[in-house]
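The file query_36.txt contains compact mmCIF, C-alpha atoms:
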```txt
# COMPACT_ATOMS: atom_id res chain seq x y z
CA MET E 1 26.63 -33.84 23.58
CA ARG E 2 29.36 -34.37 21.02
CA ALA E 3 26.78 -34.43 18.19
CA ALA E 4 25.32 -31.14 19.41
CA ALA E 5 28.78 -29.54 19.35
CA VAL E 6 29.35 -30.74 15.77
CA VAL E 7 25.97 -29.39 14.65
CA LEU E 8 26.71 -26.06 16.33
CA ALA E 9 30.15 -25.83 14.69
CA VAL E 10 28.75 -26.63 11.24
CA GLY E 11 26.00 -24.03 11.75
CA ILE E 12 28.56 -21.38 12.64
CA VAL E 13 30.63 -22.18 9.56
CA PHE E 14 27.64 -21.93 7.22
CA ALA E 15 26.19 -18.87 8.92
CA GLY E 16 29.24 -16.69 9.17
CA TRP E 17 32.38 -17.76 7.41
CA GLY E 18 30.98 -18.07 3.91
CA ALA E 19 28.99 -14.84 4.06
CA PRO E 20 30.36 -11.78 2.29
CA ALA E 21 31.29 -8.85 4.50
CA ALA E 22 28.76 -6.03 4.61
CA SER E 23 29.81 -3.07 2.51
CA ALA E 24 29.84 0.37 4.06
CA GLU E 25 29.22 1.92 0.65
CA PRO E 26 25.80 1.46 -0.96
CA THR E 27 25.80 0.03 -4.44
CA THR E 28 24.65 2.18 -7.33
CA VAL E 29 23.17 1.43 -10.74
CA ALA E 30 22.76 3.61 -13.82
CA PRO E 31 19.07 3.67 -14.74
CA PRO E 32 18.30 4.42 -18.40
CA GLU E 33 17.58 7.94 -19.59
CA VAL E 34 14.21 8.27 -21.31
CA ALA E 35 13.01 11.22 -23.38
CA ASP E 36 9.88 11.62 -21.28
CA ALA E 37 7.89 9.20 -19.16
CA ASP E 38 4.22 9.53 -18.41
CA GLY E 39 3.54 9.19 -14.72
CA VAL E 40 1.72 10.56 -11.74
CA ALA E 41 3.55 13.62 -10.42
CA PHE E 42 4.70 13.21 -6.82
CA THR E 43 6.00 15.94 -4.51
CA ASP E 44 9.04 15.28 -2.35
CA ASN E 45 7.89 14.50 1.18
CA PRO E 46 10.55 13.99 3.88
CA SER E 47 7.77 13.22 6.40
CA ILE E 48 6.84 9.81 4.95
CA VAL E 49 6.25 7.06 7.51
CA ASP E 50 8.21 3.77 7.45
CA PRO E 51 10.52 4.83 4.60
CA HIS E 52 12.13 2.09 2.53
CA PRO E 53 14.60 2.27 -0.38
CA MET E 54 13.07 2.31 -3.85
CA PRO E 55 14.85 1.90 -7.18
CA VAL E 56 14.85 4.65 -9.78
CA GLU E 57 13.64 2.80 -12.90
CA SER E 58 14.53 5.57 -15.38
CA TRP E 59 15.14 9.29 -15.48
CA SER E 60 14.57 12.30 -17.76
CA ARG E 61 16.21 15.66 -18.22
CA VAL E 62 14.26 18.69 -17.03
CA SER E 63 14.29 21.64 -19.41
CA ASN E 64 16.24 24.04 -17.19
CA GLY E 65 18.97 21.47 -16.44
CA ARG E 66 18.79 22.23 -12.70
CA ALA E 67 16.78 19.09 -11.91
CA VAL E 68 16.23 15.53 -13.07
CA ALA E 69 12.89 13.75 -13.20
CA VAL E 70 13.13 10.26 -11.72
CA HIS E 71 10.58 7.56 -12.56
CA PHE E 72 9.55 4.73 -10.26
CA THR E 73 6.67 2.40 -9.35
CA THR E 74 4.77 2.93 -6.12
CA GLY E 75 1.26 3.01 -4.69
CA THR E 76 -1.30 5.75 -5.24
CA PRO E 77 -0.37 9.29 -4.12
CA ALA E 78 -3.46 9.38 -1.88
CA CYS E 79 -1.65 7.07 0.57
CA ASN E 80 1.98 6.87 -0.55
CA GLY E 81 4.80 9.37 -0.74
CA VAL E 82 8.43 9.56 -1.78
CA HIS E 83 11.54 11.39 -0.63
CA ALA E 84 14.78 11.82 -2.56
CA THR E 85 18.25 12.87 -1.53
CA THR E 86 21.15 13.51 -3.88
CA GLN E 87 24.89 13.40 -3.77
CA GLU E 88 26.57 15.41 -6.52
CA THR E 89 30.11 15.16 -7.81
CA ALA E 90 31.79 16.53 -10.92
CA ASP E 91 31.06 13.23 -12.72
CA ALA E 92 27.74 11.98 -11.34
CA VAL E 93 24.49 12.72 -9.58
CA THR E 94 23.47 9.89 -7.24
CA VAL E 95 19.81 9.76 -6.23
CA ALA E 96 18.64 7.84 -3.17
CA LEU E 97 14.86 7.39 -3.40
CA SER E 98 12.69 6.29 -0.48
CA GLY E 99 9.02 5.43 -0.45
CA GLY E 100 6.59 5.22 2.43
CA SER E 101 3.14 6.02 3.70
CA LEU E 102 1.84 9.56 4.03
CA PRO E 103 1.44 10.61 7.68
CA GLN E 104 -2.23 11.47 7.09
CA SER E 105 -2.95 8.00 5.68
CA ALA E 106 -2.15 6.25 8.99
CA GLY E 107 -5.12 4.12 9.99
CA ARG E 108 -6.85 4.59 6.64
CA ILE E 109 -7.69 1.86 4.20
CA CYS E 110 -5.67 2.30 1.02
CA ILE E 111 -6.13 0.48 -2.26
CA MET E 112 -3.22 -1.63 -3.49
CA LEU E 113 -2.75 -0.20 -6.94
CA ALA E 114 0.64 0.30 -8.58
CA VAL E 115 1.25 3.55 -10.41
CA THR E 116 4.21 4.93 -12.33
CA GLY E 117 5.40 7.96 -10.44
CA THR E 118 7.60 10.89 -11.39
CA LEU E 119 9.49 13.16 -9.02
CA GLU E 120 11.50 16.21 -10.04
CA VAL E 121 14.69 16.24 -7.99
CA PRO E 122 16.44 19.64 -7.81
CA LEU E 123 20.20 19.81 -8.33
CA LYS E 124 22.76 22.20 -6.86
CA SER E 125 24.48 22.51 -10.24
CA PRO E 126 23.21 21.95 -13.80
CA LEU E 127 23.26 18.29 -14.83
CA GLY E 128 25.35 18.86 -17.96
CA ASP E 129 27.00 15.62 -19.05
CA ARG E 130 27.12 14.05 -15.58
CA GLN E 131 25.90 10.48 -15.16
CA VAL E 132 22.70 9.85 -13.15
CA LEU E 133 22.94 6.95 -10.69
CA SER E 134 20.42 5.34 -8.35
CA VAL E 135 21.23 3.85 -4.98
CA ALA E 136 20.31 0.17 -5.28
```

Just dump the structure as structure tokens.
Amino acid sequence: MRAAAVVLAVGIVFAGWGAPAASAEPTTVAPPEVADADGVAFTDNPSIVDPHPMPVESWSRVSNGRAVAVHFTTGTPACNGVHATTQETADAVTVALSGGSLPQSAGRICIMLAVTGTLEVPLKSPLGDRQVLSVA
């Protein structure tokens, strides 16, 4: 019984005390700006199924300045979709990108092929000299 109590105490120490506290704020990274990236054009789809966070690998300026094009790796657009949300401040535009399955692809067989995707993300204000960040 005493050995079981020691094992339990050691397990609690290793499981909880040494672990960092969860942060309420998501971390962000600054993906590189590229002049233009070839990729399959995706359309924003807030209806994706089983959304999961995806990193923005790079970004490009859009000619009118009222959007940024974000570049990422995902599956084919026949079965996969993306959705982006933004948070804009005077200094930065933070993009949270999610990927998931298209609702109409449920129950279908989809090929596992990675593609470079591009999504134009509209902005409330022109980008100007603001930094573009990605939620990591």

Problem - Nearest to E:Ala96 by atom-to-atom distance, counting all atoms listed in the file, from E:Gly65, E:Pro77, E:Pro31, E:Pro53 - result: E:Pro53

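All protein, DNA and RNA residues at most 7 Å from (15.0, 14.2, 0.7) are Asp44, Pro46, His83, Ala84 and Thr85 of chain E, using only C-alpha atoms.
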
Handout entry: Selected residue, from E:Arg130, E:Phe72, E:Ile109, E:Asp36, that lies nearest to E:Leu97 when counting only C-alpha atoms
Key =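 Closest to E:Leu97 of all the choices is E:Phe72.
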
Handout entry: Distance criterion (only C-alpha atoms): nearest to E:Thr116 out of E:Val70, E:Cys79, E:Ala35, E:Val29
Key =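 Going through E:Val70, E:Cys79, E:Ala35, E:Val29 one by one, the smallest distance to E:Thr116 is for E:Val70.
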
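Take the candidates E:Thr28, E:Thr94, E:Thr73, E:Ser58 and check each one against E:Leu123 using all atoms listed in the file; the shortest distance goes to E:Thr94.
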
Exercise for the section: Take the point (24.5, 12.8, -14.2) in the file's coordinates, draw a sphere of radius 8 Å around it, and report as number ranges by chain every protein, DNA or RNA residue with an atom inside or on it, counting all atoms listed in the file. Expected result: E: 91-94, 127-133

Exercise for the section: Just give me the gap between atom CA of E:Lys124 and atom CA of E:Gln87 in Å, one decimal is fine. Expected result: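 Between atom CA of E:Lys124 and atom CA of E:Gln87 the gap is 9.6 Å.
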
Exercise for the section: Fewer than 3 positions away in the same chain doesn't count, so skip those; otherwise give me all residues within 7 Å of E:Gly117, counting only C-alpha atoms, as a ChimeraX atom specification. Expected result: /E:39-42,71-74

Exercise for the section: Take atom CA of E:Val49 and atom CA of E:Ser98 and report the distance between them in Å, one decimal. Expected result: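 We find that atom CA of E:Val49 and atom CA of E:Ser98 lie 10.3 Å from each other.
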